Amino acid sequence: MIPGGGQPNMQDLLQQAQKMQQDLARAQEELAATLVDGQAGGGLVKATVNGSGELRGLVIDPKAVDPEDTETLADLVVAAVHAANDNAQQLQQQKLGPLAQGLGGSMPGLPF
């Protein structure tokens, strides 16, 4: 409801929408530039993703490499990337969650 029963000022609404769009774009840029890590096997495999979930780096300790057991190494890589992506999603919620709430709920295409 509008105080006083009047109609909403369209110019104000447009300005608010533009500001929210700018804030969202800035937050998305910050996410793309922010790196988060995940690890598996007690640190034998470390994955780095950006805040958008793109894999940016992978470090494998030589102790994790067993030519007779590549399945375990593959599992460790998947687990490390999964952990890094979980951390990226938490970062997304911290950065974008308040913006989504300002838009009246969840935003299409975002995991929250």
# chains A, B, ... in the order shown; residues from 1 in each chain; ligands from 1

$ residues_around --residues "Gln39 of chain A" --least-positions-apart "2" --cutoff "12 Å" --atoms "only C-alpha atoms" --output "NGL selection string"
:A and (36-37 or 41-49 or 57-61 or 75-87)

$ select_by_dssp --residues "chain A" --states "strand (DSSP E)" --output "list in words"
Leu35, Val36, Asp37, Gly38, Gln39, Ala40, Val45, Lys46, Ala47, Thr48, Val49, Asn50, Leu55, Arg56, Gly57, Leu58, Val59 and Ile60 of chain A

$ select_by_dssp --residues "chain A" --states "helix (DSSP H, G or I)" --output "PyMOL selection string"
chain A and resi 3-5+10-33+62-64+70-102

$ atom_distance --atom1 "atom CA of Pro62 of chain A" --atom2 "atom CA of Asn50 of chain A"
24.5 Å

$ closest_atom_pairs --of "segment 51-74 of chain A" --to "segment 18-35 of chain A" --cutoff "10 Å" --atoms "only C-alpha atoms" --output "JSON lines"
{"residue": "A:Gly51", "atom": "CA", "partner": "A:Leu31", "partner_atom": "CA", "distance": 4.3}
{"residue": "A:Ser52", "atom": "CA", "partner": "A:Ala32", "partner_atom": "CA", "distance": 5.4}
{"residue": "A:Gly53", "atom": "CA", "partner": "A:Ala32", "partner_atom": "CA", "distance": 8.3}
{"residue": "A:Glu54", "atom": "CA", "partner": "A:Ala32", "partner_atom": "CA", "distance": 8.4}
{"residue": "A:Leu55", "atom": "CA", "partner": "A:Leu35", "partner_atom": "CA", "distance": 9.5}
{"residue": "A:Arg56", "atom": "CA", "partner": "A:Leu35", "partner_atom": "CA", "distance": 8.1}
{"residue": "A:Gly57", "atom": "CA", "partner": "A:Leu35", "partner_atom": "CA", "distance": 9.6}
